[in-house]
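Down below is the structure, laid out as structure tokens.
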There are 4 protein chains.
Amino acid sequence: MSMNSFGHLFRVTTWGESHGPALGAVVDGCPPNVALDEGMIQTWLDKRKPGQNKFTTQRQEADQVEILSGVFEGKTTGTPIQLLIRNTDQRSKDYGDISEKFRPGHADITYYQKYGNRDYRGGGRSSARETAARVAAGGVARAVLRELLPGLSITGYMVQMGPHLIDRTRMDMSQIDQNPFWTPDATTAAIWEDYLSALRKSGSSVGAVIEVVASGVPAGLGAPVYAKLDTDVAAAMMSINAVKGVEIGAGMGAATLTGEENADEIMMGPDGPVYSSNHAGGILGGISTGQEVVCRFAVKPTSSILTPRKTITKSGEETEIITKGRHDPCVGIRAVPVGEAMMACVILDHLLLHRGQIGENQGKIG
Amino acid sequence: MSMNSFGHLFRVTTWGESHGPALGAVVDGCPPNVALDEGMIQTWLDKRKPGQNKFTTQRQEADQVEILSGVFEGKTTGTPIQLLIRNTDQRSKDYGDISEKFRPGHADITYYQKYGNRDYRGGGRSSARETAARVAAGGVARAVLRELLPGLSITGYMVQMGPHLIDRTRMDMSQIDQNPFWTPDATTAAIWEDYLSALRKSGSSVGAVIEVVASGVPAGLGAPVYAKLDTDVAAAMMSINAVKGVEIGAGMGAATLTGEENADEIMMGPDGPVYSSNHAGGILGGISTGQEVVCRFAVKPTSSILTPRKTITKSGEETEIITKGRHDPCVGIRAVPVGEAMMACVILDHLLLHRGQIGENQGKIG
Amino acid sequence: MSMNSFGHLFRVTTWGESHGPALGAVVDGCPPNVALDEGMIQTWLDKRKPGQNKFTTQRQEADQVEILSGVFEGKTTGTPIQLLIRNTDQRSKDYGDISEKFRPGHADITYYQKYGNRDYRGGGRSSARETAARVAAGGVARAVLRELLPGLSITGYMVQMGPHLIDRTRMDMSQIDQNPFWTPDATTAAIWEDYLSALRKSGSSVGAVIEVVASGVPAGLGAPVYAKLDTDVAAAMMSINAVKGVEIGAGMGAATLTGEENADEIMMGPDGPVYSSNHAGGILGGISTGQEVVCRFAVKPTSSILTPRKTITKSGEETEIITKGRHDPCVGIRAVPVGEAMMACVILDHLLLHRGQIGENQGKIG
Amino acid sequence: MSMNSFGHLFRVTTWGESHGPALGAVVDGCPPNVALDEGMIQTWLDKRKPGQNKFTTQRQEADQVEILSGVFEGKTTGTPIQLLIRNTDQRSKDYGDISEKFRPGHADITYYQKYGNRDYRGGGRSSARETAARVAAGGVARAVLRELLPGLSITGYMVQMGPHLIDRTRMDMSQIDQNPFWTPDATTAAIWEDYLSALRKSGSSVGAVIEVVASGVPAGLGAPVYAKLDTDVAAAMMSINAVKGVEIGAGMGAATLTGEENADEIMMGPDGPVYSSNHAGGILGGISTGQEVVCRFAVKPTSSILTPRKTITKSGEETEIITKGRHDPCVGIRAVPVGEAMMACVILDHLLLHRGQIGENQGKIG
């Protein structure tokens with residue numbers, strides 16, 4: 001019942017704070033004999049790494065992962081994999097101003113109210129740095145999935161920043177790597193560039209919506225009723241810091257649909273059922289349909305802004321605060337690889353869980 | 001790691017199908033010496049019970065709960081509480097038409113693809129009847145919370161049906177019990193009445209958004225980073241059948257906010273911190289702030305409609321289907337007490353978890 | 001983290017007290033499409049049922065099991081199986097004398113000290129009746145194992161009663177069903193018959209050692225290091241009421257062995273490794289070797305005896321107590337089918353867990 | 001459901017192999033604001049450290065622990081504590097001979113059969129080195145217990161080596177630190193010294209029995225029926241490598257007792273109930289009585305011996321093996337601090353669990 005663990009069979013425990021010596025993840029339940037080395041994990045960490053352009057925090061972290069256990073001669077052993085990432089640029093002096101004051105919209109105050117202490121140097125466990133450990137664990141999941149589900153692909157991208165949504169008719173997945181926002185709509189990327197530059201200069205920040213799509217997920221994954229695939233995806237995404245909403249398929253918009261509109265009609269394709277649409281986001285009754293699994297989540301703006309905000313001190317005095325540290329004007333950008341990593345972990349976990357309970361007894365249609 | 005259990009310390013396991021002899025819940029980890037009888041649970045079940053007006057399924061279920069264990073001389077013993085509810089009006093003959101065909105937008109096909117079998121008499125575990133067990137368990141949680149957090153209140157209500165949203169300026173909580181939709185906006189209730197009557201006559205259905213608010217939650221509940229209060233609320237709501245999206249506080253709308261707008265400013269009130277707003281939905285860093293905990297979830301329309309939809313049979317032949325059974329034109333209505341029950345269970349669970357780890361060592365401000 | 005659940009993937013939650021209306025078990029994670037009916041479970045319950053001879057409590061319980069969920073048309077569905085057993089002969093008036101006094105050697109006092117209440121009619125959850133639910137769950141596990149591991153057999157028997165051990169040179173498994181003690185040594189059975197008759201008449205009781213052997217367990221089951229097969233077997237047995245010790249293979253006697261004696265030498269047989277001996281009890285490093293899995297556990301004598309013992313009342317006054325109820329002179333007898341049931345559950349659980357993590361990637365020798 | 005984690009609320013996950021770069025433990029659920037530094041943990045690690053006298057392996061490991069997270073300014077924060085211990089003297093060349101052959105009585109063969117791979121340099125996860133992580137975690141538990149249960153003391157010692165038992169009339173706890181065997185019987189220590197010296201010279205090894213006693217445990221800890229205090233103690237001890245049997249109180253000897261002998265009579269002392277004896281080992285019905293919690297476990301002899309034993313190779317050929325590495329003639333010696341550490345973790349875990357479920361509602365006698 002560890003509060004810092006997620007997953008059922010493929011189980012990840014993360015540890016470490018933003019301003020401690022290191023952070024990391026222990027991955028338990030990984031299948032054995034899967035090719036894995038640090039480079040395979042580093043690829044994903046590099047994608048999340050801060051300081052890669054002007055729209056992410058200028059904190060310089062190498063985010064080099066070390067595998068301390070669970071891999072022997074280039075293959076997983078089936079025993080726990082410890083992934084260690086050292087913090088190298090903590091620069092905690094920047095945070096001096098916030099040591100006595102709580103940042104509004106930040107976990108400072110609640111950590112203090114819960115635990116009776118606070119790492120005033122930074123966000124501690126509530127920092128976005130915790131997500132590096134998730135991305136590392138996701139790298140392990142991807143290595144396993146490459147062998148167990150070779151047809152699987154997981155793609156995350158930004159679909160909204162502040163009031164600006166992408167135009168889905170312009171979506172071109174090859175564009176995702178071509179702009180600082182991981183968005184498939186190049187035209188909107190240009191709009192965001194101007195918009196976010198202005199926000200950044202003014203010391204402000206803004207929210208975003210990320211979409212993560214997994215294609216190649218076989219039908220049958222998900223364990224009703226409290227470990228449904230959508231439940232576990234929702235929990236995985238909501239556990240990412242700053243996330244305030246999660247949608248599967250039609251999401252909140254499902255409220256506006258009639259039964260006729262919502263019913264993804266079923267036809268028979270060459271390899272099994274095919275569907276006229278995907279309002280379900282690839283999940284019915286908590287179990288994957290074989291369609292794309294589609295998830296979206298909203299990331300709130302970071303609370304570290306230059307505009308003074310009213311707040312209080314630990315001793316209860318009212319005051320104001322400005323946060324001058326190095327921060328992300330749109331922290332949603334760096335949430336893209338995190339969302340992908342969580343999706344990879346959830347899918348692998350459910351693949352193993354399904355294999356454990358069901359084995360080869362799945363139902364066949366046709 | 002039971003797939004049909006939720007909660008950490010206050011742990012609920014539900015069982016039973018829509019067309020079996022009974023369904024129920026085992027509640028484990030309940031504090032001892034709490035006054036509890038069947039009537040205290042029945043109150044909440046009666047609220048969820050179908051057939052109470054023309055907008056919910058005409059299936060007639062008494063939904064009488066029996067306590068089979070864990071209560072002695074009117075008090076909880078601290079050992080597992082078995083709550084049993086018999087199915088009395090299964091009328092499975094109505095379902096004959098769907099025994100070979102999969103209903104589009106329904107879990108029929110995925111259960112079959114996962115498990116290789118299907119209870120063709122109804123939805124089995126994917127039926128809305130499963131939620132009766134949740135409501136019963138929530139009744140136990142409420143009895144405990146009444147003693148441990150006397151100031152707590154949990155209120156659910158509908159805020160959107162199809163395209164029609166309530167007007168929040170007209171919200172009057174005393175109206176919630178005065179209309180068939182559990183909505184605090186009487187004017188909108190009248191609009192919905194006409195709208196849903198028409199839909200019902202045409203054999204259609206529609207989605208809805210439910211909001212559940214818990215006030216009186218103390219600061220400090222929630223266990224970062226994978227058992228955050230918002231994560232567990234999101235998982236609890238997403239696990240309810242037909243839910244496709246979950247929001248905390250500003251929810252998906254957090255994407256449109258700037259850091260200035262999103263920062264709920266903090267002032268000092270007579271009893272501790274108070275806030276200028278509640279975009280956070282009462283949760284920061286996964287820990288409650290002491291403000292209202294605000295959650296919304298979208299319920300898709302039921303897939304049981306009279307308009308023919310394309311589908312396939314178990315043997316893979318393409319066909320059409322009409323679902324003639326007794327169903328809910330807006331299943332979201334009955335989700336209101338279910339959402340409340342899940343909120344009660346999550347809050348109690350985190351209260352116990354917090355007490356276990358932290359005891360009296362919380363931080364005090366001022 | 002339910003305290004009344006055990007197992008990882010094949011997960012059993014028991015509920016109910018000795019003097020409530022019913023008790024039972026929910027079995028979650030059961031593979032689908034396995035033939036199962038009440039008769040298949042009743043077989044095992046009948047073996048444990050009290051009142052079958054003069055050496056077990058004269059309480060008359062039909063112990064009829066009802067399957068309330070998770071089975072459809074004679075096959076498991078893969079969803080939770082609720083097994084209900086009604087209490088029919090509670091006769092709680094017999095227990096009047098113990099309502100204010102704690103029985104020495106019984107859980108009366110600790111339940112009261114923990115929970116602040118006590119079901120003075122009987123043992124509540126600490127009663128041997130709880131084990132009926134285990135046996136029922138074990139019946140489900142056996143049904144699954146019959147399909148997944150057709151060569152598996154699980155056999156429990158008594159090897160010691162009070163000071164009297166069986167003579168292992170006389171062991172004849174066909175004798176187990178031929179005496180009231182489930183022992184393979186007919187000569188010792190005769191000795192025990194006299195010994196226990198005398199004890200019973202004097203209102204005394206005695207302890208016993210039970211051995212449970214599983215043959216046909218494939219190599220590779222068990223998940224180091226905290227879900228080792230021996231760890232989980234030990235926990236399963238120690239959780240049975242009145243058990244005070246658990247041994248695997250050489251057990252406590254391993255302390256007397258040298259490395260030479262303890263090393264079960266390995267040779268190559270036609271179907272894989274074979275061993276010169278089995279001091280390991282079929283488990284090395286927490287993983288099954290393919291040999292017989294051998295477990296023993298000691299059951300203490302029941303505390304319900306006719307000799308007056310010193311005790312105290314709830315209000316702290318010193319007094320004496322005699323327990324006149326219907327009880328077992330050697331409760332270890334009825335622990336035999338319970339130990340078998342626990343072994344069945346643990347092996348199935350680990351079989352599913354192994355299949356989930358490892359799939360077909362096991363190592364092959366030769 | 002991590003296989004490398006134990007505990008409910010105070011949850012420990014260990015990782016690392018004997019011949020990798022490091023090993024360690026993540027401790028989750030630790031109460032906040034507890035004084036903790038590396039020295040407080042090192043004390044216990046030094047006790048377990050190999051190479052301290054001629055009776056333990058000559059492997060030289062500093063076993064220096066580093067705290068990488070969860071402690072800030074000398075106090076626990078309530079978030080995960082990562083404890084890292086580097087391996088410094090792996091000398092894996094010594095193990096060349098065993099790279100193709102399986103050591104009889106060792107986990108070599110089962111790890112290979114389960115995972116399809118093997119770290120031929122040493123025992124991997126099955127090595128006694130894994131227990132260093134347990135001892136480190138136990139050090140954290142002890143630091144918390146010192147604050148929450150100041151009257152608690154946990155003492156482990158050896159009571160049997162091979163055929164030689166201590167004489168309990170000679171027990172003097174102040175002797176435990178005065179001999180290489182952690183035994184309270186100085187006379188027996190001298191006998192063991194000669195006995196084990198001879199065994200060591202002959203390249204043999206022998207088993208042992210360790211007793212761990214916790215005094216000052218309050219009444220009420222333990223959560224029936226599958227998280228009983230004795231169940232969790234038994235599982236904790238059985239999960240230590242080389243352990244083959246676990247006893248609570250009278251243990252296997254409970255089989256020989258009559259009800260009269262076994263009943264620990266209850267009297268009223270100045271501070272609550274007192275008992276005439278402690279056959280129960282301080283646990284009734286899975287719940288602590290307030291007496292000493294008494295546990296014993298048997299450790300088998302190490303399989304690394306100089307006498308040739310028959311075995312097979314990975315390719316299935318029959319051969320012989322001699323293990324020349326640096327090993328422990330009586331590995332039970334180093335199990336003493338490990339057993340203490342496991343006891344500390346279990347008691348703290350149950351203390352938190354009890355506080356979570358029960359709070360202040362315990363029953364009071366008198």
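The way I read the labels, and the way they are meant: chains A, B, ... in the order of the structure tokens, residue 1 as the first residue of every chain, and ligand 1 as the first ligand shown, with later ones counted on from there.
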I want to know what sits within 8 Å of Met267 in chain C, based on only C-alpha atoms, with residues of the same chain fewer than 6 positions away left out; could you give that as a PyMOL selection string? (chain C and resi 273-276) or (chain D and resi 310-312+318)
DSSP on the backbone, strand (DSSP E) only: what residues of range 26-149 of chain D does that give? Format it as a ChimeraX atom specification. /D:26-28,65-67,71-72,75-76,81-86
Just-selected residues, all heavy atoms written as a CSV table (one decimal), in the first residue's frame:
chain,number,residue,atom,x,y,z
D,26,VAL,N,14.0,1.4,-0.1
D,26,VAL,CA,13.1,2.6,-0.1
D,26,VAL,C,12.1,2.3,1.1
D,26,VAL,O,11.4,1.3,1.1
D,26,VAL,CB,12.3,2.8,-1.3
D,26,VAL,CG1,11.7,4.2,-1.3
D,26,VAL,CG2,13.1,2.6,-2.6
D,27,VAL,N,12.1,3.3,2.0
D,27,VAL,CA,11.1,3.2,3.1
D,27,VAL,C,10.0,4.2,2.9
D,27,VAL,O,10.3,5.4,2.9
D,27,VAL,CB,11.8,3.4,4.5
D,27,VAL,CG1,10.8,3.4,5.6
D,27,VAL,CG2,13.0,2.4,4.7
D,28,ASP,N,8.8,3.7,2.7
D,28,ASP,CA,7.7,4.6,2.5
D,28,ASP,C,6.7,4.6,3.7
D,28,ASP,O,6.6,3.5,4.4
D,28,ASP,CB,6.9,4.2,1.2
D,28,ASP,CG,6.1,5.3,0.7
D,28,ASP,OD1,6.1,6.4,1.2
D,28,ASP,OD2,5.4,5.0,-0.3
D,65,VAL,N,25.9,3.3,4.8
D,65,VAL,CA,24.6,3.7,4.2
D,65,VAL,C,24.6,5.2,3.9
D,65,VAL,O,25.2,6.0,4.6
D,65,VAL,CB,23.5,3.3,5.2
D,65,VAL,CG1,23.6,4.2,6.5
D,65,VAL,CG2,22.1,3.5,4.6
D,66,GLU,N,24.0,5.5,2.8
D,66,GLU,CA,23.8,6.9,2.4
D,66,GLU,C,22.3,7.1,2.4
D,66,GLU,O,21.5,6.3,1.8
D,66,GLU,CB,24.3,7.2,1.0
D,66,GLU,CG,25.8,7.1,0.9
D,66,GLU,CD,26.2,7.2,-0.6
D,66,GLU,OE1,25.8,8.1,-1.3
D,66,GLU,OE2,26.9,6.2,-1.1
D,67,ILE,N,21.8,8.2,3.0
D,67,ILE,CA,20.4,8.6,2.9
D,67,ILE,C,20.2,9.5,1.7
D,67,ILE,O,20.8,10.6,1.7
D,67,ILE,CB,19.9,9.3,4.2
D,67,ILE,CG1,20.0,8.3,5.4
D,67,ILE,CG2,18.5,9.7,4.0
D,67,ILE,CD1,19.7,8.9,6.7
D,71,VAL,N,14.8,12.8,4.3
D,71,VAL,CA,15.3,13.3,5.5
D,71,VAL,C,15.8,14.8,5.2
D,71,VAL,O,16.5,15.0,4.2
D,71,VAL,CB,16.4,12.5,6.1
D,71,VAL,CG1,17.0,13.2,7.4
D,71,VAL,CG2,15.9,11.1,6.5
D,72,PHE,N,15.3,15.7,6.0
D,72,PHE,CA,15.7,17.1,5.8
D,72,PHE,C,16.0,17.7,7.1
D,72,PHE,O,15.2,17.6,8.0
D,72,PHE,CB,14.6,17.9,5.1
D,72,PHE,CG,14.9,19.3,4.7
D,72,PHE,CD1,16.0,19.6,3.9
D,72,PHE,CD2,14.1,20.3,5.3
D,72,PHE,CE1,16.3,20.9,3.6
D,72,PHE,CE2,14.4,21.6,4.9
D,72,PHE,CZ,15.5,22.0,4.1
D,75,LYS,N,15.6,15.4,10.1
D,75,LYS,CA,14.4,14.9,10.5
D,75,LYS,C,13.7,14.2,9.3
D,75,LYS,O,13.9,14.7,8.2
D,75,LYS,CB,13.4,16.0,11.0
D,75,LYS,CG,14.0,16.7,12.3
D,75,LYS,CD,12.9,16.7,13.4
D,75,LYS,CE,13.6,17.2,14.7
D,75,LYS,NZ,12.6,17.2,15.8
D,76,THR,N,12.9,13.2,9.5
D,76,THR,CA,12.2,12.6,8.5
D,76,THR,C,11.1,13.5,8.0
D,76,THR,O,10.5,14.3,8.8
D,76,THR,CB,11.5,11.3,8.9
D,76,THR,OG1,10.6,11.6,10.0
D,76,THR,CG2,12.5,10.2,9.4
D,81,ILE,N,12.2,7.4,2.0
D,81,ILE,CA,13.6,7.4,2.4
D,81,ILE,C,14.3,6.4,1.6
D,81,ILE,O,14.1,5.2,1.7
D,81,ILE,CB,13.7,7.1,3.9
D,81,ILE,CG1,12.9,8.1,4.7
D,81,ILE,CG2,15.1,7.1,4.4
D,81,ILE,CD1,12.7,7.8,6.2
D,82,GLN,N,15.3,6.9,0.8
D,82,GLN,CA,16.1,6.0,0.0
D,82,GLN,C,17.4,5.7,0.8
D,82,GLN,O,18.1,6.7,1.1
D,82,GLN,CB,16.4,6.5,-1.4
D,82,GLN,CG,17.3,5.7,-2.2
D,82,GLN,CD,16.8,4.3,-2.6
D,82,GLN,OE1,17.1,3.3,-1.8
D,82,GLN,NE2,16.1,4.2,-3.7
D,83,LEU,N,17.7,4.5,1.0
D,83,LEU,CA,18.9,4.1,1.7
D,83,LEU,C,19.8,3.3,0.8
D,83,LEU,O,19.4,2.3,0.3
D,83,LEU,CB,18.5,3.2,2.9
D,83,LEU,CG,17.5,3.8,3.9
D,83,LEU,CD1,17.0,2.7,4.8
D,83,LEU,CD2,18.1,4.9,4.7
D,84,LEU,N,21.0,3.8,0.5
D,84,LEU,CA,21.8,3.2,-0.5
D,84,LEU,C,23.1,2.7,0.2
D,84,LEU,O,23.7,3.4,1.0
D,84,LEU,CB,22.2,4.3,-1.6
D,84,LEU,CG,23.1,3.8,-2.7
D,84,LEU,CD1,22.3,3.6,-4.0
D,84,LEU,CD2,24.3,4.7,-2.9
D,85,ILE,N,23.5,1.5,-0.2
D,85,ILE,CA,24.7,0.8,0.3
D,85,ILE,C,25.5,0.3,-0.9
D,85,ILE,O,25.0,-0.5,-1.7
D,85,ILE,CB,24.3,-0.4,1.2
D,85,ILE,CG1,23.5,0.1,2.4
D,85,ILE,CG2,25.6,-1.1,1.7
D,85,ILE,CD1,22.8,-1.0,3.2
D,86,ARG,N,26.7,0.8,-1.0
D,86,ARG,CA,27.5,0.4,-2.2
D,86,ARG,C,28.2,-1.0,-1.9
D,86,ARG,O,28.6,-1.2,-0.8
D,86,ARG,CB,28.6,1.4,-2.5
D,86,ARG,CG,28.0,2.7,-2.9
D,86,ARG,CD,28.9,3.8,-3.4
D,86,ARG,NE,28.1,4.9,-3.7
D,86,ARG,CZ,27.4,5.0,-4.8
D,86,ARG,NH1,27.5,4.1,-5.8
D,86,ARG,NH2,26.6,6.1,-5.1
Report as a tab-separated table the residues of chain B within 7 Å of chain D, each with its shortest atom pair and distance in Å (one decimal), using only C-alpha atoms, ordered by chain and increasing residue number.
residue	atom	partner	partner_atom	distance
B:Met1	CA	D:Met1	CA	6.0
B:Gly29	CA	D:Gln357	CA	6.2
B:Cys30	CA	D:Gln357	CA	6.7
B:Pro31	CA	D:Gln357	CA	5.2
B:Pro32	CA	D:Ile358	CA	6.7
B:Leu352	CA	D:Gly356	CA	4.6
B:Leu353	CA	D:Gly356	CA	5.7
B:Arg355	CA	D:Gly356	CA	5.0
B:Gly356	CA	D:Gly356	CA	3.6
B:Gln357	CA	D:Pro31	CA	5.2
B:Ile358	CA	D:Pro31	CA	5.5
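Residues lying within 9 Å of Leu257 in chain C, counting only C-alpha atoms and ignoring same-chain neighbours fewer than 2 positions away, are Ala250, Gly253, Ala254, Ala255, Gly259, Glu260, Glu261 and Asn262 of chain C; Gly162, Pro163, Ser205, Val206, Gly207, Ala208, Lys300 and Pro301 of chain D.
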I'd like the neighbourhood of Phe181 in chain B as a ChimeraX atom specification, where a residue qualifies if any of its atoms comes within 12 Å (using only C-alpha atoms), though same-chain residues fewer than 4 positions away should be ignored. /B:47-48,52-56,156-161,166,175-177,185-193,196,208-210,329-337
Selected residues written out with C-alpha atoms, as a PDB file, in the first residue's frame:
ATOM      1  CA  LYS B  47     -31.793   7.687  -3.093  1.00  0.00           C
ATOM      2  CA  ARG B  48     -30.100   5.654  -5.855  1.00  0.00           C
ATOM      3  CA  GLN B  52     -38.542   6.355  -8.622  1.00  0.00           C
ATOM      4  CA  ASN B  53     -39.673   8.534 -11.485  1.00  0.00           C
ATOM      5  CA  LYS B  54     -40.120   8.305 -15.221  1.00  0.00           C
ATOM      6  CA  PHE B  55     -36.528   9.327 -15.873  1.00  0.00           C
ATOM      7  CA  THR B  56     -34.890   6.260 -14.389  1.00  0.00           C
ATOM      8  CA  GLY B 156     -23.695  15.740  -5.269  1.00  0.00           C
ATOM      9  CA  TYR B 157     -25.821  17.328  -7.964  1.00  0.00           C
ATOM     10  CA  MET B 158     -26.197  17.502 -11.709  1.00  0.00           C
ATOM     11  CA  VAL B 159     -24.726  20.533 -13.450  1.00  0.00           C
ATOM     12  CA  GLN B 160     -25.148  19.605 -17.108  1.00  0.00           C
ATOM     13  CA  MET B 161     -27.456  17.413 -19.168  1.00  0.00           C
ATOM     14  CA  ILE B 166     -27.096  25.012 -15.020  1.00  0.00           C
ATOM     15  CA  GLN B 175     -33.596  22.651  -4.452  1.00  0.00           C
ATOM     16  CA  ILE B 176     -31.538  19.498  -4.964  1.00  0.00           C
ATOM     17  CA  ASP B 177     -34.156  17.197  -3.464  1.00  0.00           C
ATOM     18  CA  ASP B 185     -31.044  25.099 -10.301  1.00  0.00           C
ATOM     19  CA  ALA B 186     -34.840  24.840 -10.416  1.00  0.00           C
ATOM     20  CA  THR B 187     -35.131  26.740 -13.685  1.00  0.00           C
ATOM     21  CA  THR B 188     -32.794  24.391 -15.455  1.00  0.00           C
ATOM     22  CA  ALA B 189     -34.590  21.438 -13.896  1.00  0.00           C
ATOM     23  CA  ALA B 190     -37.719  22.514 -15.725  1.00  0.00           C
ATOM     24  CA  ILE B 191     -35.828  22.760 -19.001  1.00  0.00           C
ATOM     25  CA  TRP B 192     -34.320  19.314 -18.468  1.00  0.00           C
ATOM     26  CA  GLU B 193     -37.734  17.885 -17.707  1.00  0.00           C
ATOM     27  CA  LEU B 196     -35.468  14.480 -21.273  1.00  0.00           C
ATOM     28  CA  ALA B 208     -24.574  14.488 -18.008  1.00  0.00           C
ATOM     29  CA  VAL B 209     -22.057  16.107 -15.697  1.00  0.00           C
ATOM     30  CA  ILE B 210     -22.256  15.549 -11.949  1.00  0.00           C
ATOM     31  CA  PRO B 329     -32.626   7.941 -20.611  1.00  0.00           C
ATOM     32  CA  CYS B 330     -30.047   9.805 -18.523  1.00  0.00           C
ATOM     33  CA  VAL B 331     -28.106   7.347 -16.390  1.00  0.00           C
ATOM     34  CA  GLY B 332     -26.233  10.314 -14.967  1.00  0.00           C
ATOM     35  CA  ILE B 333     -29.181  10.984 -12.650  1.00  0.00           C
ATOM     36  CA  ARG B 334     -28.543   7.842 -10.674  1.00  0.00           C
ATOM     37  CA  ALA B 335     -24.812   8.557 -10.667  1.00  0.00           C
ATOM     38  CA  VAL B 336     -25.352  11.407  -8.188  1.00  0.00           C
ATOM     39  CA  PRO B 337     -25.626   9.283  -5.034  1.00  0.00           C
TER      40      PRO B 337
END
Given only C-alpha atoms as the basis, pick out the residue of D:Gly70, D:Gly269, D:Gly281, D:Gly363 nearest to Val212 in chain D. D:Gly281
note - CA of Cys295 in chain A and CA of Val246 in chain A are separated by 7.1 Å
